[in-house]
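Note: the block below is model00.tsv and it holds TSV, C-alpha atoms.
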```tsv
chain	number	residue	atom	x	y	z
E	16	MET	CA	85.07	115.72	138.63
E	17	ASP	CA	84.18	119.29	139.54
E	18	ILE	CA	86.40	120.69	142.32
E	19	PRO	CA	85.02	124.01	143.60
E	20	GLY	CA	87.24	127.00	142.85
E	21	THR	CA	89.34	124.96	140.43
E	22	TYR	CA	89.74	125.43	136.67
E	23	VAL	CA	91.38	122.35	135.22
E	24	PHE	CA	93.28	123.29	132.08
E	25	ASP	CA	92.06	120.89	129.42
E	26	ILE	CA	91.61	121.13	125.66
E	27	PRO	CA	88.30	123.08	125.71
E	28	ARG	CA	89.77	125.54	128.21
E	29	ALA	CA	92.99	125.86	126.20
E	30	ARG	CA	90.87	126.52	123.11
E	31	ARG	CA	88.93	129.23	124.90
E	32	GLY	CA	92.09	130.83	126.25
E	33	TYR	CA	94.25	130.47	123.16
E	34	GLY	CA	94.39	134.14	122.17
E	35	PHE	CA	95.27	135.41	125.63
E	36	ASN	CA	97.72	132.61	126.28
E	37	ARG	CA	99.44	133.12	122.93
E	38	MET	CA	99.85	136.80	123.73
E	39	ALA	CA	101.26	136.10	127.20
E	40	TYR	CA	103.59	133.45	125.78
E	41	SER	CA	105.09	136.05	123.44
E	42	LEU	CA	106.17	138.08	126.50
E	43	GLN	CA	109.10	135.75	127.06
E	44	ASP	CA	110.92	137.96	124.57
E	45	PRO	CA	112.19	141.16	126.26
E	46	ALA	CA	111.63	143.13	123.05
E	47	ASN	CA	107.96	142.14	123.12
E	48	ARG	CA	107.69	143.12	126.78
E	49	ALA	CA	108.91	146.61	125.89
E	50	ILE	CA	106.36	146.91	123.07
E	51	TYR	CA	103.60	145.67	125.36
E	52	LEU	CA	104.42	148.27	127.99
E	53	GLU	CA	104.40	151.03	125.40
E	54	ASP	CA	100.81	150.34	124.32
E	55	GLU	CA	99.01	147.47	125.99
E	56	LEU	CA	95.85	147.59	123.90
E	57	ALA	CA	97.70	147.80	120.60
E	58	TYR	CA	99.83	144.84	121.62
E	59	MET	CA	96.77	142.77	122.56
E	60	ARG	CA	95.19	143.56	119.19
E	61	ARG	CA	98.06	141.73	117.51
E	62	PHE	CA	96.66	138.50	118.98
E	63	GLU	CA	93.20	137.00	118.84
E	64	LEU	CA	92.03	137.79	122.35
E	65	SER	CA	88.30	137.79	123.00
E	66	GLU	CA	86.79	141.09	124.06
E	67	ALA	CA	86.20	139.60	127.51
E	68	GLN	CA	89.92	138.77	127.75
E	69	VAL	CA	90.95	142.25	126.63
E	70	ALA	CA	88.67	143.85	129.21
E	71	ALA	CA	89.90	141.51	131.95
E	72	VAL	CA	93.54	142.33	131.18
E	73	GLN	CA	92.77	146.04	131.23
E	74	SER	CA	91.01	145.79	134.59
E	75	ARG	CA	93.59	143.32	136.00
E	76	ASP	CA	90.76	140.90	136.73
E	77	TRP	CA	92.73	137.68	137.12
E	78	LEU	CA	89.85	135.38	138.14
E	79	THR	CA	87.86	136.37	135.07
E	80	LEU	CA	90.91	135.70	132.92
E	81	ILE	CA	91.22	132.23	134.43
E	82	LYS	CA	87.53	131.64	133.69
E	83	GLU	CA	88.16	132.85	130.13
E	84	GLY	CA	90.81	130.17	129.62
E	85	ALA	CA	94.01	131.81	130.84
E	86	ASN	CA	96.63	129.36	132.02
E	87	SER	CA	98.16	130.17	135.41
E	88	TYR	CA	101.70	130.13	134.04
E	89	MET	CA	100.70	132.55	131.29
E	90	LEU	CA	99.22	134.85	133.94
E	91	MET	CA	102.64	134.70	135.60
E	92	LYS	CA	104.38	135.76	132.38
E	93	LEU	CA	102.00	138.69	131.97
E	94	GLY	CA	102.45	139.54	135.66
E	95	ALA	CA	106.24	139.52	135.22
E	96	THR	CA	105.87	142.04	132.40
E	97	ILE	CA	103.56	144.46	134.19
E	98	GLY	CA	105.06	144.03	137.66
E	99	VAL	CA	102.26	142.13	139.38
E	100	GLY	CA	103.44	139.15	141.41
E	101	HIS	CA	101.72	135.80	141.17
E	102	TYR	CA	100.77	135.85	144.85
E	103	HIS	CA	99.01	139.16	144.26
E	104	GLN	CA	97.12	137.56	141.37
E	105	GLY	CA	96.28	134.55	143.51
E	106	ALA	CA	95.07	136.65	146.41
E	107	GLN	CA	92.67	138.41	144.08
E	108	GLU	CA	91.47	135.07	142.66
E	109	ARG	CA	90.64	134.06	146.24
E	110	GLY	CA	88.73	137.29	146.74
E	111	GLU	CA	91.23	138.62	149.27
E	112	SER	CA	93.60	141.53	149.57
E	113	TYR	CA	97.29	140.63	149.38
E	114	GLU	CA	97.63	141.32	153.11
E	115	GLU	CA	94.64	139.11	153.93
E	116	PHE	CA	96.10	136.35	151.79
E	117	LEU	CA	99.55	136.56	153.42
E	118	ALA	CA	97.91	136.30	156.83
E	119	THR	CA	96.68	132.84	155.83
E	120	ARG	CA	100.22	131.60	155.10
E	121	ASN	CA	102.61	129.71	157.40
E	122	VAL	CA	105.60	132.02	156.75
E	123	PRO	CA	104.41	135.26	155.14
E	124	GLY	CA	108.02	136.48	154.91
E	125	ALA	CA	108.98	133.87	152.29
E	126	THR	CA	107.91	136.00	149.34
A	15	MET	CA	127.56	99.63	131.81
A	16	GLY	CA	125.46	102.58	132.84
A	17	LYS	CA	124.10	102.60	136.37
A	18	ILE	CA	121.40	104.48	138.26
A	19	VAL	CA	123.26	105.63	141.36
A	20	ALA	CA	120.76	107.89	143.11
A	21	GLY	CA	117.13	108.94	143.07
A	22	ILE	CA	115.94	112.34	144.26
A	23	GLY	CA	112.52	113.92	144.58
A	24	SER	CA	112.33	117.71	144.78
A	25	SER	CA	109.74	120.42	144.38
A	26	HIS	CA	110.34	123.19	141.84
A	27	VAL	CA	109.09	126.67	142.72
A	28	PRO	CA	110.04	129.94	140.98
A	29	GLY	CA	110.31	131.74	144.34
A	30	VAL	CA	113.05	129.35	145.43
A	31	GLY	CA	115.10	130.26	142.37
A	32	ARG	CA	114.62	133.94	143.09
A	33	ALA	CA	115.61	133.50	146.76
A	34	TYR	CA	118.69	131.54	145.66
A	35	ASP	CA	119.73	134.18	143.15
A	36	LEU	CA	119.27	136.92	145.77
A	37	GLY	CA	121.41	135.00	148.26
A	38	ARG	CA	118.66	134.46	150.83
A	39	GLN	CA	119.85	131.00	151.87
A	40	GLU	CA	120.40	132.15	155.47
A	41	SER	CA	117.30	134.33	155.85
A	42	PRO	CA	114.88	133.01	158.50
A	43	ALA	CA	112.08	132.54	155.97
A	44	TRP	CA	114.20	130.49	153.57
A	45	LYS	CA	116.80	128.74	155.70
A	46	PRO	CA	114.56	125.74	156.52
A	47	LEU	CA	114.25	125.07	152.79
A	48	PHE	CA	117.85	125.59	151.70
A	49	ASP	CA	119.36	123.80	154.71
A	50	GLY	CA	117.61	120.62	153.63
A	51	TYR	CA	119.58	120.56	150.39
A	52	VAL	CA	123.04	121.09	151.92
A	53	PRO	CA	123.71	117.48	152.98
A	54	VAL	CA	122.22	116.16	149.75
A	55	LYS	CA	124.50	118.33	147.62
A	56	LYS	CA	127.52	117.26	149.68
A	57	TRP	CA	126.54	113.58	149.38
A	58	LEU	CA	126.08	113.90	145.63
A	59	GLU	CA	129.47	115.53	145.22
A	60	GLU	CA	131.49	113.34	147.59
A	61	GLU	CA	129.83	109.94	147.38
A	62	ILE	CA	127.51	109.64	144.41
A	63	LYS	CA	129.69	111.42	141.85
A	64	ALA	CA	127.10	111.17	139.09
A	65	ASP	CA	128.26	111.91	135.55
A	66	VAL	CA	124.75	112.66	134.37
A	67	ALA	CA	121.48	113.74	135.99
A	68	ILE	CA	118.25	112.84	134.24
A	69	VAL	CA	115.88	115.54	135.45
A	70	VAL	CA	112.19	114.72	135.11
A	71	TYR	CA	110.34	118.02	135.06
A	72	ASN	CA	107.59	119.88	133.32
A	73	ASP	CA	107.93	122.83	131.04
A	74	HIS	CA	105.62	125.69	132.10
A	75	GLY	CA	104.56	126.97	128.70
A	76	THR	CA	108.16	128.05	128.09
A	77	ALA	CA	109.73	125.79	125.46
A	78	PHE	CA	106.34	124.32	124.57
A	79	PHE	CA	103.20	126.35	124.02
A	80	PHE	CA	99.66	124.99	123.83
A	81	ASP	CA	99.83	124.84	120.04
A	82	ARG	CA	101.66	121.51	120.36
A	83	VAL	CA	102.17	119.64	123.59
A	84	PRO	CA	104.31	116.51	123.83
A	85	THR	CA	103.30	114.07	126.54
A	86	PHE	CA	106.88	112.87	127.08
A	87	ALA	CA	109.86	114.80	125.66
A	88	LEU	CA	113.54	113.88	125.92
A	89	GLY	CA	116.35	116.39	125.57
A	90	THR	CA	118.93	115.17	123.07
A	91	GLY	CA	121.21	118.21	122.87
A	92	ASP	CA	124.71	119.12	123.99
A	93	VAL	CA	123.57	122.23	125.81
A	94	TYR	CA	120.29	123.70	127.09
A	95	PRO	CA	119.91	127.49	127.38
A	96	ILE	CA	118.45	129.14	130.48
A	97	ALA	CA	114.91	130.26	129.60
A	98	ASP	CA	113.49	133.74	129.98
A	99	GLU	CA	110.10	133.09	131.62
A	100	GLY	CA	109.28	136.78	131.74
A	101	TRP	CA	111.67	137.99	134.43
A	102	GLY	CA	114.81	137.60	132.29
A	103	PRO	CA	117.01	134.50	132.35
A	104	ARG	CA	118.40	133.45	135.72
A	105	PRO	CA	122.15	134.08	136.19
A	106	LEU	CA	123.14	130.44	135.69
A	107	PRO	CA	125.46	128.96	133.07
A	108	PRO	CA	123.81	127.03	130.22
A	109	VAL	CA	123.19	123.41	131.21
A	110	PRO	CA	125.44	120.86	129.48
A	111	GLY	CA	123.80	117.79	127.99
A	112	ASP	CA	125.02	114.30	127.09
A	113	SER	CA	123.82	113.82	123.56
A	114	ASP	CA	125.29	110.31	123.21
A	115	LEU	CA	123.45	109.01	126.26
A	116	SER	CA	120.29	110.82	125.16
A	117	ALA	CA	120.48	109.10	121.77
A	118	HIS	CA	120.84	105.74	123.47
A	119	ILE	CA	117.92	106.42	125.83
A	120	ALA	CA	115.75	107.57	122.92
A	121	ARG	CA	116.47	104.37	120.95
A	122	SER	CA	115.98	102.17	123.98
A	123	LEU	CA	112.68	103.79	124.99
A	124	VAL	CA	111.23	103.58	121.49
A	125	GLU	CA	112.31	99.96	121.08
A	126	ASP	CA	110.66	99.39	124.45
A	127	GLU	CA	107.42	100.90	122.99
A	128	PHE	CA	107.62	104.21	124.86
A	129	ASP	CA	107.33	106.84	122.12
A	130	ILE	CA	108.80	110.21	122.94
A	131	THR	CA	109.33	113.64	121.41
A	132	MET	CA	113.04	114.32	120.81
A	133	CYS	CA	114.24	117.86	121.57
A	134	TYR	CA	117.70	118.84	120.37
A	135	ASP	CA	117.44	122.56	121.02
A	136	MET	CA	115.32	123.54	124.00
A	137	PRO	CA	115.51	126.19	126.74
A	138	VAL	CA	114.88	124.90	130.25
A	139	ASP	CA	112.73	126.73	132.80
A	140	HIS	CA	112.22	126.64	136.57
A	141	GLY	CA	110.84	123.13	136.38
A	142	LEU	CA	114.37	121.91	135.82
A	143	LEU	CA	116.38	124.83	137.15
A	144	THR	CA	114.90	125.19	140.65
A	145	PRO	CA	116.50	122.07	142.13
A	146	LEU	CA	119.60	121.92	139.92
A	147	PRO	CA	121.83	124.49	141.70
A	148	LEU	CA	120.65	123.18	145.07
A	149	LEU	CA	121.96	119.74	144.15
A	150	TRP	CA	124.97	120.42	141.92
A	151	SER	CA	127.56	123.20	141.59
A	152	HIS	CA	127.74	125.68	138.76
A	153	ASP	CA	130.70	127.93	139.52
A	154	PRO	CA	131.84	128.58	136.91
A	155	GLU	CA	130.45	125.51	135.07
A	156	TRP	CA	128.03	122.78	136.08
A	157	ASN	CA	129.72	119.73	137.60
A	158	VAL	CA	127.14	117.37	136.09
A	159	LYS	CA	125.65	116.83	132.66
A	160	VAL	CA	121.88	116.92	132.43
A	161	ILE	CA	119.32	115.12	130.32
A	162	PRO	CA	115.95	116.87	130.55
A	163	PHE	CA	112.92	114.60	130.49
A	164	ALA	CA	109.76	116.67	130.21
A	165	VAL	CA	106.30	115.37	131.14
A	166	ASN	CA	103.07	117.13	130.20
A	167	VAL	CA	101.32	118.00	133.44
A	168	LEU	CA	99.76	121.23	132.13
A	169	LEU	CA	97.26	120.33	129.45
A	170	HIS	CA	94.82	117.59	130.38
A	171	PRO	CA	94.62	114.71	129.57
A	172	LEU	CA	97.92	114.00	131.31
A	173	PRO	CA	99.73	110.66	131.32
A	174	THR	CA	98.59	108.44	134.19
A	175	ALA	CA	100.63	107.95	137.32
A	176	LEU	CA	101.13	104.32	136.30
A	177	ARG	CA	102.39	105.33	132.85
A	178	CYS	CA	104.94	107.62	134.53
A	179	PHE	CA	106.12	104.78	136.76
A	180	LYS	CA	106.44	102.42	133.79
A	181	ILE	CA	108.42	104.90	131.71
A	182	GLY	CA	110.75	105.29	134.69
A	183	GLN	CA	111.32	101.54	134.62
A	184	ALA	CA	112.07	101.83	130.91
A	185	ILE	CA	114.57	104.63	131.59
A	186	ARG	CA	116.36	102.30	134.00
A	187	ARG	CA	116.55	99.60	131.32
A	188	ALA	CA	117.92	102.21	128.93
A	189	VAL	CA	120.62	103.39	131.34
A	190	GLU	CA	121.63	99.85	132.28
A	191	SER	CA	122.06	98.89	128.62
A	192	TYR	CA	124.39	101.83	127.92
A	193	PRO	CA	127.87	100.49	127.07
A	194	ALA	CA	129.83	103.19	128.92
A	195	ASP	CA	130.26	103.10	132.71
A	196	THR	CA	128.19	106.22	133.18
A	197	ARG	CA	126.87	107.02	136.64
A	198	VAL	CA	123.35	108.43	136.42
A	199	ALA	CA	121.28	110.18	139.07
A	200	ILE	CA	117.59	110.68	138.38
A	201	VAL	CA	115.59	113.58	139.81
A	202	GLY	CA	111.80	113.70	139.88
A	203	THR	CA	110.55	117.25	140.34
A	204	GLY	CA	107.29	119.00	141.13
A	205	GLY	CA	104.65	119.18	143.85
A	206	LEU	CA	103.97	118.65	146.50
A	207	SER	CA	100.55	120.08	147.44
A	208	HIS	CA	99.68	123.36	145.76
A	209	GLN	CA	97.06	125.03	143.63
A	210	LEU	CA	97.77	128.08	141.48
A	211	ASN	CA	94.37	128.86	139.95
A	212	GLY	CA	90.92	129.97	140.99
A	213	GLU	CA	89.26	130.66	144.31
A	214	ARG	CA	91.10	127.62	145.68
A	215	PHE	CA	94.50	129.25	144.98
A	216	GLY	CA	96.93	128.51	147.81
A	217	PHE	CA	95.42	125.16	148.84
A	218	LEU	CA	97.95	123.19	150.92
A	219	ALA	CA	97.73	119.64	152.25
A	220	PRO	CA	100.59	118.77	154.64
A	221	ASP	CA	99.00	115.40	155.48
A	222	PHE	CA	98.99	114.42	151.83
A	223	ASP	CA	102.58	115.60	151.45
A	224	LYS	CA	103.76	113.51	154.41
A	225	GLU	CA	101.96	110.48	153.04
A	226	TRP	CA	103.48	111.07	149.59
A	227	LEU	CA	107.03	111.28	151.00
A	228	ASP	CA	106.46	108.05	152.96
A	229	ARG	CA	104.88	106.10	150.13
A	230	ILE	CA	107.26	107.21	147.38
A	231	VAL	CA	109.78	105.13	149.33
A	232	SER	CA	107.66	102.25	150.61
A	233	ASP	CA	104.63	101.97	148.32
A	234	PRO	CA	105.20	103.52	144.89
A	235	GLU	CA	102.95	100.96	143.21
A	236	GLY	CA	100.13	102.06	145.50
A	237	LEU	CA	100.71	105.67	144.42
A	238	THR	CA	100.39	104.65	140.77
A	239	LYS	CA	96.73	103.83	141.45
A	240	LEU	CA	95.89	107.45	142.33
A	241	SER	CA	93.84	109.19	139.66
A	242	HIS	CA	94.49	112.76	138.58
A	243	ASP	CA	91.13	113.77	140.06
A	244	GLU	CA	92.03	112.24	143.39
A	245	LEU	CA	95.42	113.98	143.42
A	246	MET	CA	93.88	117.35	142.51
A	247	LEU	CA	91.12	116.99	145.09
A	248	ARG	CA	93.41	115.97	147.91
A	249	ALA	CA	96.45	118.15	147.16
A	250	GLY	CA	95.46	120.93	144.72
A	251	ALA	CA	95.16	121.19	140.96
A	252	GLU	CA	98.85	121.72	140.25
A	253	ALA	CA	99.88	119.04	142.75
A	254	VAL	CA	99.00	116.53	140.06
A	255	GLU	CA	102.58	117.03	138.88
A	256	VAL	CA	103.77	114.70	141.65
A	257	ILE	CA	103.27	111.96	139.08
A	258	MET	CA	106.73	112.99	137.82
A	259	TRP	CA	108.26	111.66	141.03
A	260	LEU	CA	106.97	108.25	139.92
A	261	VAL	CA	109.18	108.39	136.82
A	262	MET	CA	112.14	108.73	139.17
A	263	ARG	CA	110.83	106.01	141.48
A	264	GLY	CA	110.22	103.66	138.56
A	265	ALA	CA	113.89	104.00	137.65
A	266	MET	CA	114.94	102.83	141.13
A	267	SER	CA	114.89	99.25	142.40
A	268	PRO	CA	111.65	97.98	143.98
A	269	GLU	CA	113.21	98.34	147.44
A	270	VAL	CA	115.12	101.52	148.21
A	271	VAL	CA	116.88	103.11	151.16
A	272	GLU	CA	115.86	106.67	152.02
A	273	LEU	CA	118.85	108.84	152.94
A	274	HIS	CA	117.60	112.42	153.23
A	275	ARG	CA	114.25	114.12	153.66
A	276	ASN	CA	113.10	117.71	154.08
A	277	TYR	CA	109.72	119.44	154.06
A	278	TYR	CA	108.78	123.11	154.24
A	279	ALA	CA	105.53	124.82	153.30
A	280	PRO	CA	105.94	128.56	153.89
A	281	LEU	CA	103.54	129.98	151.33
A	282	VAL	CA	101.63	128.20	148.58
A	283	THR	CA	103.62	125.01	147.97
A	284	GLY	CA	104.43	122.03	150.12
A	285	MET	CA	108.10	121.76	149.21
A	286	GLY	CA	109.43	118.24	149.58
A	287	LEU	CA	112.90	116.79	149.19
A	288	ILE	CA	113.91	113.15	149.40
A	289	SER	CA	116.92	111.12	148.35
A	290	MET	CA	117.26	107.39	147.94
A	291	VAL	CA	119.48	104.64	146.62
A	292	ASP	CA	118.73	101.10	145.51
A	293	ALA	CA	118.48	98.74	148.50
```

Any chance you could put this one into structure tokens?
Amino acid sequence: MDIPGTYVFDIPRARRGYGFNRMAYSLQDPANRAIYLEDELAYMRRFELSEAQVAAVQSRDWLTLIKEGANSYMLMKLGATIGVGHYHQGAQERGESYEEFLATRNVPGAT
Amino acid sequence: MGKIVAGIGSSHVPGVGRAYDLGRQESPAWKPLFDGYVPVKKWLEEEIKADVAIVVYNDHGTAFFFDRVPTFALGTGDVYPIADEGWGPRPLPPVPGDSDLSAHIARSLVEDEFDITMCYDMPVDHGLLTPLPLLWSHDPEWNVKVIPFAVNVLLHPLPTALRCFKIGQAIRRAVESYPADTRVAIVGTGGLSHQLNGERFGFLAPDFDKEWLDRIVSDPEGLTKLSHDELMLRAGAEAVEVIMWLVMRGAMSPEVVELHRNYYAPLVTGMGLISMVDA
């Protein structure tokens, strides 16, 4: 089934996203987070990201990363490292500003 | 003999853990969520007095990466560390296990033809940790032992809703064949409606959530007929994890009595809470 605006994480998608996801997974180690923040591109080169994934990370283009196989929870781990909240990422995936997104919520203060 | 003494369904959301750690239980935005847990925690401590909680949850690419993904994984350790999901570990004590009961459950499940991955040394993430301090105390140590039971709801194909229900029934058989008089609560976590990817990020379905809370009590076998596609379409891609509540429900008797219920959907997740005992 194809649900519009939805990227079901299955084996082909996990295969496509493997390099990015492996990199984001490594950021559970605080030492790796420090190395990442020192030189983002050099850190990414240690993993087998596609060029499209590298460019999307550099431009903070979360929807493209999802389309390139990123798993949402791995986006969260990267976001935790670089200080971008998951609701900010989600707002951008929806094509909205953070403020526009919060205005669609029942209790915008529960962030 | 071992006995299932309570069943609980609860969402697990990282933001709830953060609000808890920051002491926001009384803030207007969070009070409607935390207040729902207060009577359940009191009931668990004063009446249920469980020795062990089997917590059915999913790992979020924390202990397991996509290089190898177990469909069903049972914790068999004496202690489970608090994971660092990227923000640093939450300020909670490590979670004590019950390795003897885990070993019995593992044997019983496998003899019952439910094959599982056995995990002796495994950090636990917000899937397990979000509801735990809302249901049990941890100052300075946890007042319950925990057996993590992880279900793959990340990498499709996922186990079916019916398979989850059946493995819950097998967990009940395992607990009830345990020689010691151990009192076991079982917690199904996850959901309710939410979607965390794509242009449909933030999808909520309060009608589905209400129906789920009703039918998890009255019609669990009906819920086992829902396909993953149907769940994702009606409630959001990540809402498919509600199938983990069916593991809990399968471990309860066919008829149950609902004792507590709460629902709050402030942002991107319909957060449900329900408690039940065998009728």

*Determine which residues of chain A sit within 8 Å of chain E, taking into account all atoms listed in the file, and present them as an MDAnalysis selection string.*
chainID A and resid 29 43:44 74:76 79:80 98:102 168:171 210:216 243 247 251 279:282

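Around the point (124.2, 114.0, 152.3), within 12 Å and counting only C-alpha atoms, we find these residues: Ala20, Ile22, Asp49, Gly50, Tyr51, Val52, Pro53, Val54, Lys55, Lys56, Trp57, Leu58, Glu59, Glu60, Glu61, Ile62, Leu149, Glu272, Leu273, His274, Arg275, Asn276, Ile288, Ser289, Met290 and Val291 of chain A.
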
*Could you check how far CA of Asn157 in chain A sits from CA of Ala67 in chain A, in Å to one decimal?*
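CA of Asn157 in chain A sits 10.3 Å away from CA of Ala67 in chain A.
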
_Just the number, please: distance in Å from CA of Val158 in chain A to CA of Pro110 in chain A, one decimal._
7.7 Å

Give the centre and edge lengths of an axis-aligned box, in Å to one decimal, that holds all listed atoms of range 27-41 of chain E with 3 Å on each side, as lines of an AutoDock Vina configuration file.
```
center_x = 96.7
center_y = 129.9
center_z = 125.2
size_x = 22.8
size_y = 19.7
size_z = 12.0
```

*Leaving out Ala77 in chain A and any residue of its chain fewer than 6 positions from it, which residues lie within 9 Å of it when counting only C-alpha atoms, given as a VMD selection string?*
chain A and resid 97 136 to 139

_Report, in Å with one decimal, the straight-line distance from CA of Thr90 in chain A to CA of Val254 in chain A._
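Computed distance, CA of Thr90 in chain A to CA of Val254 in chain A, equals 26.2 Å.
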
_Shell of 9 Å around Asp292 in chain A, all atoms listed in the file, local chain residues under 3 positions omitted, as a VMD selection string_ = chain A and resid 18 to 21 266 to 271

Saved selection, atoms kept: C-alpha atoms, as a PDB file, in the frame of the given file:
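Final file, part_37.pdb:
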```pdb
ATOM      1  CA  ILE A  18     121.400 104.480 138.260  1.00  0.00           C
ATOM      2  CA  VAL A  19     123.260 105.630 141.360  1.00  0.00           C
ATOM      3  CA  ALA A  20     120.760 107.890 143.110  1.00  0.00           C
ATOM      4  CA  GLY A  21     117.130 108.940 143.070  1.00  0.00           C
ATOM      5  CA  MET A 266     114.940 102.830 141.130  1.00  0.00           C
ATOM      6  CA  SER A 267     114.890  99.250 142.400  1.00  0.00           C
ATOM      7  CA  PRO A 268     111.650  97.980 143.980  1.00  0.00           C
ATOM      8  CA  GLU A 269     113.210  98.340 147.440  1.00  0.00           C
ATOM      9  CA  VAL A 270     115.120 101.520 148.210  1.00  0.00           C
ATOM     10  CA  VAL A 271     116.880 103.110 151.160  1.00  0.00           C
TER      11      VAL A 271
END
```

Would you mind putting back N, CA and C atoms on range 31-50 of chain E, then writing it out as a PDB file, in the frame of the given file?
```pdb
ATOM      1  N   ARG E  31      89.535 127.962 124.506  1.00  0.00           N
ATOM      2  CA  ARG E  31      88.930 129.230 124.900  1.00  0.00           C
ATOM      3  C   ARG E  31      89.994 130.283 125.187  1.00  0.00           C
ATOM      4  N   GLY E  32      91.076 129.872 125.819  1.00  0.00           N
ATOM      5  CA  GLY E  32      92.090 130.830 126.250  1.00  0.00           C
ATOM      6  C   GLY E  32      93.199 131.085 125.238  1.00  0.00           C
ATOM      7  N   TYR E  33      93.091 130.495 124.073  1.00  0.00           N
ATOM      8  CA  TYR E  33      94.250 130.470 123.160  1.00  0.00           C
ATOM      9  C   TYR E  33      94.794 131.858 122.844  1.00  0.00           C
ATOM     10  N   GLY E  34      93.922 132.803 122.536  1.00  0.00           N
ATOM     11  CA  GLY E  34      94.390 134.140 122.170  1.00  0.00           C
ATOM     12  C   GLY E  34      95.161 134.810 123.291  1.00  0.00           C
ATOM     13  N   PHE E  35      94.572 134.807 124.489  1.00  0.00           N
ATOM     14  CA  PHE E  35      95.270 135.410 125.630  1.00  0.00           C
ATOM     15  C   PHE E  35      96.582 134.698 125.904  1.00  0.00           C
ATOM     16  N   ASN E  36      96.519 133.366 125.926  1.00  0.00           N
ATOM     17  CA  ASN E  36      97.720 132.610 126.280  1.00  0.00           C
ATOM     18  C   ASN E  36      98.832 132.808 125.254  1.00  0.00           C
ATOM     19  N   ARG E  37      98.448 132.894 123.992  1.00  0.00           N
ATOM     20  CA  ARG E  37      99.440 133.120 122.930  1.00  0.00           C
ATOM     21  C   ARG E  37     100.114 134.483 123.109  1.00  0.00           C
ATOM     22  N   MET E  38      99.311 135.460 123.487  1.00  0.00           N
ATOM     23  CA  MET E  38      99.850 136.800 123.730  1.00  0.00           C
ATOM     24  C   MET E  38     100.817 136.769 124.913  1.00  0.00           C
ATOM     25  N   ALA E  39     100.399 136.138 126.001  1.00  0.00           N
ATOM     26  CA  ALA E  39     101.260 136.100 127.200  1.00  0.00           C
ATOM     27  C   ALA E  39     102.545 135.320 126.916  1.00  0.00           C
ATOM     28  N   TYR E  40     102.419 134.269 126.136  1.00  0.00           N
ATOM     29  CA  TYR E  40     103.590 133.450 125.780  1.00  0.00           C
ATOM     30  C   TYR E  40     104.635 134.294 125.053  1.00  0.00           C
ATOM     31  N   SER E  41     104.164 135.227 124.227  1.00  0.00           N
ATOM     32  CA  SER E  41     105.090 136.050 123.440  1.00  0.00           C
ATOM     33  C   SER E  41     105.922 136.970 124.344  1.00  0.00           C
ATOM     34  N   LEU E  42     105.485 137.156 125.591  1.00  0.00           N
ATOM     35  CA  LEU E  42     106.170 138.080 126.500  1.00  0.00           C
ATOM     36  C   LEU E  42     107.432 137.490 127.109  1.00  0.00           C
ATOM     37  N   GLN E  43     107.797 136.301 126.660  1.00  0.00           N
ATOM     38  CA  GLN E  43     109.100 135.750 127.060  1.00  0.00           C
ATOM     39  C   GLN E  43     110.236 136.467 126.354  1.00  0.00           C
ATOM     40  N   ASP E  44     109.914 137.211 125.324  1.00  0.00           N
ATOM     41  CA  ASP E  44     110.920 137.960 124.570  1.00  0.00           C
ATOM     42  C   ASP E  44     110.961 139.391 125.140  1.00  0.00           C
ATOM     43  N   PRO E  45     112.127 139.825 125.641  1.00  0.00           N
ATOM     44  CA  PRO E  45     112.190 141.160 126.260  1.00  0.00           C
ATOM     45  C   PRO E  45     111.788 142.275 125.297  1.00  0.00           C
ATOM     46  N   ALA E  46     112.039 142.102 124.014  1.00  0.00           N
ATOM     47  CA  ALA E  46     111.630 143.130 123.050  1.00  0.00           C
ATOM     48  C   ALA E  46     110.111 143.248 123.025  1.00  0.00           C
ATOM     49  N   ASN E  47     109.421 142.113 123.097  1.00  0.00           N
ATOM     50  CA  ASN E  47     107.960 142.140 123.120  1.00  0.00           C
ATOM     51  C   ASN E  47     107.430 142.763 124.419  1.00  0.00           C
ATOM     52  N   ARG E  48     108.127 142.516 125.513  1.00  0.00           N
ATOM     53  CA  ARG E  48     107.690 143.120 126.780  1.00  0.00           C
ATOM     54  C   ARG E  48     107.749 144.651 126.675  1.00  0.00           C
ATOM     55  N   ALA E  49     108.781 145.146 126.047  1.00  0.00           N
ATOM     56  CA  ALA E  49     108.910 146.610 125.890  1.00  0.00           C
ATOM     57  C   ALA E  49     107.774 147.156 125.028  1.00  0.00           C
ATOM     58  N   ILE E  50     107.448 146.449 123.953  1.00  0.00           N
ATOM     59  CA  ILE E  50     106.360 146.910 123.070  1.00  0.00           C
ATOM     60  C   ILE E  50     105.031 146.873 123.810  1.00  0.00           C
TER      61      ILE E  50
END
```
